[in-house]
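This is entry_14.csv. It holds CSV, C-alpha atoms and all ligand atoms.
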chain,number,residue,atom,x,y,z
A,1,MET,CA,5.4,-25.5,10.0
A,2,LYS,CA,5.5,-25.0,13.8
A,3,ILE,CA,5.6,-21.3,14.8
A,4,GLU,CA,8.5,-21.4,17.2
A,5,ARG,CA,9.1,-17.8,18.0
A,6,ILE,CA,8.0,-14.3,17.0
A,7,ASP,CA,10.0,-11.1,17.3
A,8,LEU,CA,8.4,-7.7,17.1
A,9,TYR,CA,10.3,-4.5,16.4
A,10,TYR,CA,8.8,-1.0,16.9
A,11,VAL,CA,10.7,1.0,14.3
A,12,GLU,CA,10.9,4.6,13.2
A,13,ILE,CA,12.9,5.5,10.0
A,14,PRO,CA,13.4,9.2,9.0
A,15,PHE,CA,12.1,10.2,5.6
A,16,ILE,CA,14.2,12.3,3.2
A,17,TYR,CA,11.3,14.7,2.8
A,18,PRO,CA,8.3,14.9,5.1
A,19,PHE,CA,5.1,13.4,3.6
A,20,LYS,CA,2.0,15.5,3.9
A,21,THR,CA,-1.5,14.7,2.7
A,22,ASN,CA,-5.0,15.6,3.9
A,23,GLY,CA,-4.9,14.6,7.5
A,24,ILE,CA,-1.3,13.1,7.6
A,25,ASN,CA,1.9,15.0,8.1
A,26,VAL,CA,4.9,12.8,9.0
A,27,ASP,CA,8.6,13.1,8.8
A,28,SER,CA,9.4,9.5,9.6
A,29,HIS,CA,8.0,6.1,8.8
A,30,SER,CA,6.7,4.4,11.9
A,31,CYS,CA,6.0,0.6,11.6
A,32,LEU,CA,6.1,-2.7,13.4
A,33,ILE,CA,8.3,-5.4,11.9
A,34,VAL,CA,7.6,-9.0,12.8
A,35,LYS,CA,10.0,-11.9,12.3
A,36,ILE,CA,8.4,-15.4,12.5
A,37,TYR,CA,10.8,-18.3,13.1
A,38,SER,CA,10.1,-21.9,11.9
A,39,ASP,CA,12.3,-24.8,10.9
A,40,GLY,CA,15.5,-22.7,10.6
A,41,LEU,CA,13.7,-20.1,8.4
A,42,ILE,CA,12.6,-16.6,9.1
A,43,GLY,CA,9.6,-14.8,7.5
A,44,TYR,CA,9.3,-11.0,7.6
A,45,GLY,CA,6.2,-8.8,7.7
A,46,GLU,CA,5.5,-5.1,8.1
A,47,CYS,CA,2.6,-3.3,9.8
A,48,PRO,CA,2.9,0.2,8.3
A,49,THR,CA,0.6,2.2,10.7
A,50,PHE,CA,1.0,5.8,11.5
A,51,ASN,CA,1.2,7.3,15.0
A,52,GLN,CA,-2.2,8.9,14.5
A,53,PRO,CA,-5.5,7.5,13.3
A,54,PHE,CA,-5.9,10.0,10.4
A,55,TYR,CA,-5.7,7.5,7.5
A,56,ASN,CA,-7.6,4.6,9.2
A,57,TYR,CA,-8.5,3.9,12.8
A,58,GLU,CA,-5.4,1.8,13.5
A,59,THR,CA,-2.3,3.4,15.0
A,60,ILE,CA,1.1,1.9,15.8
A,61,THR,CA,0.0,1.7,19.5
A,62,THR,CA,-3.2,-0.1,18.8
A,63,ALA,CA,-1.4,-2.4,16.4
A,64,HIS,CA,1.2,-3.2,19.0
A,65,HIS,CA,-1.6,-3.9,21.6
A,66,ILE,CA,-3.6,-6.1,19.3
A,67,LEU,CA,-0.5,-8.1,18.1
A,68,LYS,CA,0.9,-8.5,21.6
A,69,ASP,CA,-2.3,-9.3,23.5
A,70,PHE,CA,-4.4,-11.1,21.0
A,71,LEU,CA,-2.9,-12.0,17.6
A,72,ILE,CA,0.5,-13.4,18.6
A,73,PRO,CA,-1.0,-15.6,21.4
A,74,LEU,CA,-3.4,-17.0,18.8
A,75,LEU,CA,-0.6,-18.0,16.4
A,76,LEU,CA,2.3,-18.9,18.6
A,77,HIS,CA,3.3,-22.6,18.8
A,78,LYS,CA,0.6,-23.6,16.3
A,79,ASN,CA,1.3,-26.0,13.6
A,80,ILE,CA,0.4,-24.5,10.3
A,81,ASN,CA,0.2,-26.3,6.9
A,82,SER,CA,-0.5,-23.4,4.6
A,83,PRO,CA,-0.5,-19.6,4.9
A,84,GLN,CA,-4.2,-19.5,4.1
A,85,GLU,CA,-4.9,-21.0,7.5
A,86,ILE,CA,-3.9,-17.8,9.3
A,87,ASN,CA,-7.2,-16.0,8.4
A,88,GLN,CA,-9.2,-18.6,10.3
A,89,ILE,CA,-6.8,-18.6,13.3
A,90,LEU,CA,-6.9,-14.8,13.6
A,91,SER,CA,-10.7,-14.5,12.9
A,92,PRO,CA,-11.8,-14.1,16.5
A,93,VAL,CA,-10.2,-10.6,16.3
A,94,ARG,CA,-12.5,-8.3,14.4
A,95,GLY,CA,-10.9,-5.7,12.1
A,96,HIS,CA,-7.3,-4.5,12.9
A,97,GLN,CA,-6.3,-5.5,9.4
A,98,MET,CA,-2.9,-3.8,9.5
A,99,ALA,CA,-1.9,-5.6,12.7
A,100,LYS,CA,-3.1,-8.9,11.1
A,101,SER,CA,-1.3,-8.2,7.9
A,102,ALA,CA,2.1,-8.2,9.5
A,103,LEU,CA,1.7,-11.8,10.6
A,104,ASP,CA,0.0,-12.9,7.4
A,105,CYS,CA,2.8,-11.4,5.2
A,106,ALA,CA,5.5,-12.9,7.4
A,107,LEU,CA,3.9,-16.3,7.1
A,108,TRP,CA,3.6,-16.1,3.3
A,109,ASP,CA,7.3,-15.1,3.2
A,110,LEU,CA,8.1,-18.1,5.4
A,111,PHE,CA,6.1,-20.6,3.3
A,112,ALA,CA,7.5,-19.3,0.0
A,113,LYS,CA,11.0,-19.8,1.4
A,114,GLU,CA,10.1,-23.3,2.5
A,115,LYS,CA,8.9,-24.0,-1.0
A,116,ASN,CA,12.2,-22.5,-2.4
A,117,LEU,CA,10.2,-20.0,-4.5
A,118,PRO,CA,10.2,-16.2,-4.8
A,119,LEU,CA,6.9,-15.0,-3.3
A,120,SER,CA,5.6,-13.8,-6.7
A,121,ARG,CA,6.0,-17.3,-8.1
A,122,TYR,CA,4.4,-18.9,-5.0
A,123,ILE,CA,1.3,-16.7,-5.5
A,124,ASN,CA,1.2,-17.2,-9.3
A,125,GLY,CA,2.3,-13.7,-10.2
A,126,VAL,CA,2.7,-13.1,-14.0
A,127,ARG,CA,5.5,-10.5,-14.2
A,128,GLU,CA,9.1,-10.1,-13.2
A,129,LYS,CA,9.0,-6.3,-13.2
A,130,VAL,CA,6.2,-4.0,-12.1
A,131,THR,CA,5.2,-0.6,-13.6
A,132,VAL,CA,5.3,2.1,-10.9
A,133,GLY,CA,4.6,5.7,-10.3
A,134,VAL,CA,4.9,8.2,-7.5
A,135,SER,CA,2.5,9.7,-5.0
A,136,VAL,CA,3.6,13.4,-4.5
A,137,SER,CA,3.3,14.9,-1.1
A,138,LEU,CA,1.2,18.1,-0.7
A,139,GLN,CA,3.5,21.0,-1.5
A,140,SER,CA,3.4,24.5,0.0
A,141,ASN,CA,2.9,26.3,-3.3
A,142,MET,CA,2.4,25.7,-7.1
A,143,GLU,CA,6.1,26.4,-7.9
A,144,ALA,CA,7.3,23.7,-5.4
A,145,LEU,CA,4.7,21.3,-6.8
A,146,ILE,CA,5.8,21.8,-10.4
A,147,ASN,CA,9.5,21.4,-9.5
A,148,ARG,CA,8.8,18.2,-7.6
A,149,VAL,CA,6.7,16.7,-10.4
A,150,ASN,CA,9.4,17.8,-13.0
A,151,ALA,CA,12.1,16.0,-10.9
A,152,TYR,CA,10.1,12.8,-10.6
A,153,VAL,CA,9.3,12.8,-14.4
A,154,GLU,CA,12.9,13.4,-15.1
A,155,GLU,CA,13.9,10.5,-12.9
A,156,GLY,CA,11.7,8.3,-15.1
A,157,TYR,CA,8.3,8.0,-13.3
A,158,GLN,CA,5.6,7.8,-15.9
A,159,ARG,CA,2.6,8.0,-13.5
A,160,ILE,CA,2.1,10.9,-11.1
A,161,LYS,CA,-0.5,11.0,-8.3
A,162,LEU,CA,-1.2,14.4,-6.6
A,163,LYS,CA,-2.9,14.7,-3.3
A,164,ILE,CA,-5.9,16.9,-3.9
A,165,SER,CA,-8.5,18.9,-1.9
A,166,PRO,CA,-11.4,21.0,-3.2
A,167,ASP,CA,-9.4,24.2,-3.1
A,168,ASN,CA,-6.3,22.9,-4.9
A,169,ALA,CA,-7.5,20.1,-7.2
A,170,PHE,CA,-8.3,22.0,-10.4
A,171,SER,CA,-5.4,24.4,-10.3
A,172,CYS,CA,-2.8,21.7,-9.5
A,173,LEU,CA,-4.0,19.0,-11.8
A,174,SER,CA,-4.6,21.4,-14.7
A,175,ALA,CA,-1.2,23.0,-14.3
A,176,ILE,CA,0.5,19.6,-14.4
A,177,ARG,CA,-1.7,18.5,-17.3
A,178,GLU,CA,-0.7,21.6,-19.3
A,179,SER,CA,3.0,20.7,-18.9
A,180,TYR,CA,2.5,17.0,-19.6
A,181,PRO,CA,-0.4,16.4,-22.0
A,182,ASP,CA,0.2,12.6,-22.1
A,183,LEU,CA,1.4,11.8,-18.5
A,184,MET,CA,-0.6,9.3,-16.6
A,185,LEU,CA,-2.0,11.7,-14.0
A,186,MET,CA,-4.4,11.2,-11.1
A,187,GLY,CA,-5.6,12.8,-7.9
A,188,ASP,CA,-6.0,11.2,-4.4
A,189,ALA,CA,-8.4,13.1,-2.1
A,190,ASN,CA,-8.2,10.9,1.0
A,191,SER,CA,-11.9,11.6,1.6
A,192,VAL,CA,-12.0,15.4,1.8
A,193,PHE,CA,-14.7,16.0,-0.9
A,194,THR,CA,-18.4,15.7,-0.7
A,195,LEU,CA,-21.2,15.3,-3.2
A,196,ASP,CA,-21.7,19.1,-3.0
A,197,ASP,CA,-18.4,19.3,-5.1
A,198,ILE,CA,-20.1,17.8,-8.1
A,199,GLU,CA,-19.4,20.8,-10.4
A,200,LEU,CA,-15.7,20.6,-9.5
A,201,PHE,CA,-15.7,16.8,-10.4
A,202,LYS,CA,-17.3,17.7,-13.8
A,203,GLN,CA,-14.4,20.2,-14.4
A,204,LEU,CA,-11.9,17.5,-13.4
A,205,ASP,CA,-13.6,15.2,-15.9
A,206,ASN,CA,-12.0,17.3,-18.7
A,207,LEU,CA,-8.4,16.7,-17.6
A,208,ASN,CA,-8.1,13.1,-18.9
A,209,LEU,CA,-7.2,11.8,-15.5
A,210,LEU,CA,-6.3,8.1,-15.0
A,211,MET,CA,-8.6,8.0,-12.0
A,212,ILE,CA,-9.7,9.9,-8.9
A,213,GLU,CA,-8.9,8.1,-5.7
A,214,GLN,CA,-11.1,8.1,-2.6
A,215,PRO,CA,-12.9,11.4,-3.1
A,216,LEU,CA,-15.7,10.9,-0.5
A,217,ALA,CA,-15.9,9.5,3.0
A,218,TYR,CA,-13.6,6.8,4.2
A,219,ASP,CA,-16.5,4.5,5.1
A,220,ASP,CA,-18.8,5.3,2.2
A,221,LEU,CA,-19.8,3.1,-0.7
A,222,LEU,CA,-23.2,4.6,-1.6
A,223,GLU,CA,-22.3,8.2,-2.4
A,224,HIS,CA,-19.2,7.0,-4.4
A,225,SER,CA,-21.7,5.1,-6.5
A,226,GLN,CA,-23.9,8.2,-6.9
A,227,LEU,CA,-20.8,10.2,-7.9
A,228,GLN,CA,-19.4,7.5,-10.3
A,229,SER,CA,-22.7,7.5,-12.2
A,230,GLN,CA,-22.4,11.3,-12.9
A,231,ILE,CA,-18.8,11.5,-14.1
A,232,LYS,CA,-16.7,9.6,-16.7
A,233,THR,CA,-13.3,9.6,-14.9
A,234,PRO,CA,-13.0,6.2,-13.2
A,235,LEU,CA,-13.3,6.4,-9.4
A,236,CYS,CA,-10.8,4.3,-7.4
A,237,LEU,CA,-11.4,3.3,-3.8
A,238,ASP,CA,-8.7,3.1,-1.1
A,239,GLU,CA,-9.8,3.7,2.5
A,240,SER,CA,-13.3,2.3,1.8
A,241,ILE,CA,-12.1,-1.2,1.0
A,242,ASN,CA,-10.9,-3.1,4.0
A,243,SER,CA,-12.2,-6.6,3.4
A,244,ILE,CA,-13.7,-9.1,0.9
A,245,ASN,CA,-17.2,-8.0,1.9
A,246,ASP,CA,-16.4,-4.3,1.3
A,247,THR,CA,-15.2,-5.4,-2.2
A,248,LEU,CA,-18.4,-7.4,-2.9
A,249,ASN,CA,-20.5,-4.4,-1.7
A,250,ALA,CA,-18.6,-1.9,-3.8
A,251,ILE,CA,-19.0,-4.1,-6.9
A,252,ALA,CA,-22.7,-4.6,-6.3
A,253,LEU,CA,-23.3,-0.9,-5.8
A,254,LYS,CA,-21.0,0.1,-8.7
A,255,SER,CA,-19.1,2.4,-6.3
A,256,CYS,CA,-15.8,2.3,-8.3
A,257,GLN,CA,-14.2,1.0,-11.5
A,258,ILE,CA,-10.8,0.6,-9.8
A,259,ILE,CA,-9.4,-0.5,-6.4
A,260,ASN,CA,-6.1,0.6,-4.9
A,261,LEU,CA,-5.3,-2.7,-3.1
A,262,LYS,CA,-2.9,-2.6,-0.2
A,263,GLN,CA,-2.3,-5.9,1.5
A,264,SER,CA,-1.8,-4.1,4.8
A,265,ARG,CA,-5.3,-2.4,4.6
A,266,VAL,CA,-7.1,-5.7,3.8
A,267,GLY,CA,-5.4,-7.9,6.4
A,268,GLY,CA,-2.7,-9.5,4.4
A,269,ILE,CA,-1.9,-11.6,1.3
A,270,THR,CA,-4.7,-14.2,1.6
A,271,ASN,CA,-7.4,-11.5,1.5
A,272,THR,CA,-5.4,-9.7,-1.2
A,273,ILE,CA,-5.5,-12.8,-3.4
A,274,ASN,CA,-9.2,-13.4,-2.8
A,275,ILE,CA,-10.1,-9.8,-3.5
A,276,HIS,CA,-7.9,-10.0,-6.6
A,277,ASN,CA,-9.8,-13.0,-7.9
A,278,ILE,CA,-13.2,-11.5,-7.2
A,279,CYS,CA,-12.2,-8.2,-9.0
A,280,LYS,CA,-10.8,-10.2,-12.0
A,281,LYS,CA,-14.2,-11.9,-12.4
A,282,ALA,CA,-16.1,-8.6,-12.0
A,283,GLY,CA,-13.9,-6.6,-14.3
A,284,ILE,CA,-12.6,-4.2,-11.6
A,285,LYS,CA,-9.1,-3.1,-12.3
A,286,LEU,CA,-6.5,-3.1,-9.5
A,287,TRP,CA,-3.3,-1.4,-8.7
A,288,CYS,CA,-1.0,-1.8,-5.8
A,289,GLY,CA,-1.0,1.2,-3.4
A,290,GLY,CA,1.6,2.0,-0.7
A,291,MET,CA,1.9,3.1,2.9
A,292,LEU,CA,5.3,4.6,2.6
A,293,GLU,CA,6.7,1.2,3.6
A,294,SER,CA,10.2,0.3,4.5
A,295,GLY,CA,12.0,-2.1,2.1
A,296,ILE,CA,10.3,-5.1,3.8
A,297,GLY,CA,6.8,-3.9,3.0
A,298,ARG,CA,7.7,-2.5,-0.4
A,299,ALA,CA,9.3,-5.8,-1.4
A,300,THR,CA,6.1,-7.6,-0.4
A,301,ASN,CA,4.1,-5.0,-2.5
A,302,LEU,CA,6.3,-5.8,-5.5
A,303,HIS,CA,5.3,-9.5,-5.4
A,304,ILE,CA,1.6,-8.6,-4.9
A,305,ALA,CA,1.8,-6.3,-7.9
A,306,SER,CA,3.0,-9.1,-10.1
A,307,LEU,CA,-0.6,-10.6,-10.0
A,308,ALA,CA,-2.4,-10.4,-13.3
A,309,GLN,CA,-5.2,-8.0,-12.5
A,310,PHE,CA,-2.8,-5.3,-11.2
A,311,GLN,CA,-3.1,-3.1,-14.4
A,312,PHE,CA,-2.1,0.4,-13.4
A,313,PRO,CA,1.3,1.6,-12.2
A,314,ALA,CA,1.8,0.9,-8.5
A,315,ASP,CA,2.5,3.4,-5.7
A,316,ILE,CA,5.8,1.6,-5.1
A,317,SER,CA,8.7,4.1,-5.6
A,318,ALA,CA,12.4,3.6,-5.3
A,319,THR,CA,14.1,3.6,-1.9
A,320,ASN,CA,15.6,7.1,-2.7
A,321,ARG,CA,12.2,8.6,-2.9
A,322,TYR,CA,11.6,7.8,0.8
A,323,PHE,CA,14.8,7.0,2.8
A,324,LYS,CA,18.5,7.7,3.0
A,325,GLU,CA,19.0,4.5,5.0
A,326,ASP,CA,16.5,1.5,4.9
A,327,ILE,CA,16.3,-1.7,6.9
A,328,ILE,CA,17.0,-3.9,3.9
A,329,ALA,CA,20.4,-4.5,2.4
A,330,GLN,CA,19.4,-3.8,-1.2
A,331,ASN,CA,18.3,-0.5,-2.6
A,332,ILE,CA,15.0,-0.8,-4.5
A,333,THR,CA,15.7,1.1,-7.7
A,334,LEU,CA,13.7,2.4,-10.7
A,335,ASN,CA,14.4,1.2,-14.3
A,336,PRO,CA,14.1,4.8,-15.8
A,337,GLN,CA,13.6,3.6,-19.4
A,338,ASP,CA,10.2,2.0,-18.6
A,339,SER,CA,9.2,3.3,-15.1
A,340,THR,CA,9.4,-0.2,-13.6
A,341,ILE,CA,10.9,-1.9,-10.6
A,342,ASN,CA,12.2,-5.5,-10.7
A,343,VAL,CA,10.4,-8.0,-8.5
A,344,PRO,CA,13.1,-9.5,-6.3
A,345,GLN,CA,13.9,-13.0,-7.5
A,346,LYS,CA,15.4,-14.5,-4.4
A,347,LEU,CA,13.3,-16.7,-2.1
A,348,GLY,CA,10.3,-15.3,-0.3
A,349,ILE,CA,10.1,-11.5,-0.4
A,350,GLY,CA,13.6,-11.8,-1.8
A,351,VAL,CA,15.5,-9.1,0.1
A,352,ASP,CA,18.1,-9.3,2.9
A,353,ILE,CA,17.5,-7.5,6.2
A,354,ASP,CA,20.1,-5.0,7.2
A,355,GLN,CA,20.1,-6.1,10.8
A,356,HIS,CA,22.5,-3.2,11.9
A,357,ASN,CA,20.0,-0.6,10.5
A,358,LEU,CA,17.0,-2.5,11.8
A,359,ASP,CA,18.6,-2.3,15.3
A,360,PHE,CA,19.5,1.3,14.8
A,361,PHE,CA,16.0,2.4,13.9
A,362,THR,CA,14.3,0.2,16.6
A,363,ILE,CA,12.8,2.0,19.5
A,364,PHE,CA,12.0,-1.3,21.3
A,365,LYS,CA,11.9,-5.0,20.6
A,366,GLU,CA,10.0,-7.9,22.1
A,367,SER,CA,10.4,-11.7,21.7
A,368,TYR,CA,7.6,-14.2,22.1
A,401,LIG,O1,-3.8,7.5,0.4
A,401,LIG,O2,-2.6,6.2,-0.9
A,401,LIG,C1,-2.7,6.9,0.1
A,401,LIG,C2,0.6,7.0,2.0
A,401,LIG,C3,0.2,6.8,3.3
A,401,LIG,C4,-1.1,6.6,3.5
A,401,LIG,C5,-2.0,6.7,2.5
A,401,LIG,C6,-1.6,6.9,1.2
A,401,LIG,C7,-0.3,7.1,0.9
A,401,LIG,C8,0.3,7.4,-0.4
A,401,LIG,C9,1.8,7.1,-0.6
A,401,LIG,O3,-0.3,8.0,-1.2
A,401,LIG,C10,2.0,5.9,-1.3
A,401,LIG,C11,3.5,5.4,-1.2
A,401,LIG,O4,4.4,6.0,-1.8
A,401,LIG,O5,3.8,4.4,-0.4
A,402,MG,MG,-5.0,6.8,-1.2
Written as structure tokens, that's how I'd like the structure from this file.
Amino acid sequence: MKIERIDLYYVEIPFIYPFKTNGINVDSHSCLIVKIYSDGLIGYGECPTFNQPFYNYETITTAHHILKDFLIPLLLHKNINSPQEINQILSPVRGHQMAKSALDCALWDLFAKEKNLPLSRYINGVREKVTVGVSVSLQSNMEALINRVNAYVEEGYQRIKLKISPDNAFSCLSAIRESYPDLMLMGDANSVFTLDDIELFKQLDNLNLLMIEQPLAYDDLLEHSQLQSQIKTPLCLDESINSINDTLNAIALKSCQIINLKQSRVGGITNTINIHNICKKAGIKLWCGGMLESGIGRATNLHIASLAQFQFPADISATNRYFKEDIIAQNITLNPQDSTINVPQKLGIGVDIDQHNLDFFTIFKESY
């Protein structure tokens, strides 16, 4: 397929509630949306970066720069025979995985549409609905936290992730565990613990947690391996896994038992599938994380999460957990009886763009 034209939208969509975690405090979702045009079809991809480099080093401004000045010129007017080719084409640019993922995801959407398949079928996904949970924003006090968790559980979410730090982890997780002895419960530290917190990790070991996500440094594999060898709760890596090599190194070092896989963090769907296959062989379990995406990114996530090795509930919540108004025409809704969301069954990512809302939330647009 010849890449005829690429549109890039710089978008900001207000959240219903601000999202706060260690390092991040946002009241709207900033992202870049790309549209790739070929043979009368359009593929959509989302780069879900923040305004600040407090989750990873990319920001919406660096992603815009890298896309505009390097990635889009590498791709534009090329003839592409399969979406896997994009990795090689973009390989002169080192890193900047989130910027790359927008183009990669749009291309996978485009090729699935050309093949007349939903993306999940095109990538050999094995399920038509995906089990999901919710990642709870940091709350100002215990009562607010308990109320928020109660509300999510009542809505039907069967897996709850709390944002944790050394001063709140035990009190918050044990309070929720007391109310819900059987809930799938986990903590995500976004790298604010150190190995000096070992006694605290041993206490958390008694709470029957599903996993602890990214407790140590964002660029560490060695200390995670030292921690994993001392506790029984499975460790899950998020920020530390940005590539196939990171995955191979984490497996070799036994740094984790689980990976939170986000296609945006690893540069797109081609790398996601490769990492998925490596983890399947190595017995590392996966689940699909989230970056508070708009409906475009969350639809992509649902297709990814249909792959076989995604075995824990995804951080893909219903539209009403994030936005009053989204940039897709459909609302993504929770099936409350089994805490699932249906994988869209139309072609490609399987959702229609609400062009009116996309224009409304667009700060600027460029065409190449
Ligand atoms: O650490 O998993 C994380 C959101 C933005 C950046 C990092 C993370 C998160 C979440 C929310 O936990 C997941 C979601 O609902 O999209
Ligand atoms: Mg995380």
Pick from A:Ile269, A:Val343, A:Asn242, A:Ala282: nearest to Arg94 (chain A), with only C-alpha atoms counted?
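Of A:Ile269, A:Val343, A:Asn242, A:Ala282, the one nearest Arg94 (chain A) is A:Asn242, counting only C-alpha atoms.
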Determine, counting only C-alpha atoms, which protein, DNA and RNA residues have an atom within 9 Å of an atom of Ser240 (chain A); residues of the same chain fewer than 3 positions away are not included. Present the result as a list of chain:residue names.
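Counting only the stated atoms, we get A:Gln214, A:Ala217, A:Tyr218, A:Asp219, A:Asp220, A:Leu221, A:Leu237, A:Asp246, A:Thr247, A:Ala250.
Shortest atom-to-atom contact with Ile198 (chain A) among A:Asn342, A:Ser229, A:Ser82, A:Thr49: A:Ser229, counting only C-alpha atoms.
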Output as a tab-separated table one row per residue of chain A within 7 Å of ligand MG 402 (chain A): the closest atom pair and its distance in Å to one decimal place, counting all atoms listed in the file, sorted by chain and residue number ascending.
residue	atom	partner	partner_atom	distance
A:Asp188	CA	A:MG402	MG	5.5
A:Asn190	CA	A:MG402	MG	5.6
A:Glu213	CA	A:MG402	MG	6.1
A:Gln214	CA	A:MG402	MG	6.4
A:Asp238	CA	A:MG402	MG	5.2
A:Glu239	CA	A:MG402	MG	6.8
Separation of CA of Tyr322 (chain A) from atom C11 of ligand LIG 401 (chain A), in Å and rounded to one decimal:
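Between CA of Tyr322 (chain A) and atom C11 of ligand LIG 401 (chain A) the gap is 8.7 Å.
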Neighbouring residues of ligand LIG 401 (chain A) are defined here as those with any atom at most 9 Å from a ligand atom, counting only C-alpha atoms and all ligand atoms; list them as a ChimeraX atom specification.
/A:19-22,24,48-50,55-56,133-137,161-163,188-190,213-214,238-239,260,262,289-293,298,314-317,321-322
So the first atom is CA of Val130 (chain A) and the second is CA of Ala102 (chain A); what is the distance between them in Å, to one decimal place?
22.4 Å
How many Å lie between CA of Leu74 (chain A) and CA of Leu358 (chain A), rounded to one decimal?
26.0 Å
From the set A:Glu4, A:Glu325, A:Glu366, A:Asp197, which residue has the shortest atom-to-atom contact distance to His77 (chain A), counting all atoms listed in the file?
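When distances to His77 (chain A) are compared using all atoms listed in the file, the smallest one comes from A:Glu4.
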Near Leu235 (chain A), within 10 Å and counting only C-alpha atoms, which residues show up once chain neighbours fewer than 6 positions away are dropped, as a ChimeraX atom specification?
/A:210-215,224-225,227-229,254-259
Name the closest residue to His303 (chain A) among the candidates A:Gln345, A:Gln230, A:Asn116, A:Asn245; distances are taken between atoms, counting only C-alpha atoms.
A:Gln345
Could you tell me which of A:Asp39, A:Asp196, A:Asp104, A:Asp69 comes closest to Asn271 (chain A) if we count only C-alpha atoms?
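With only C-alpha atoms as the atom set, the closest residue is A:Asp104.
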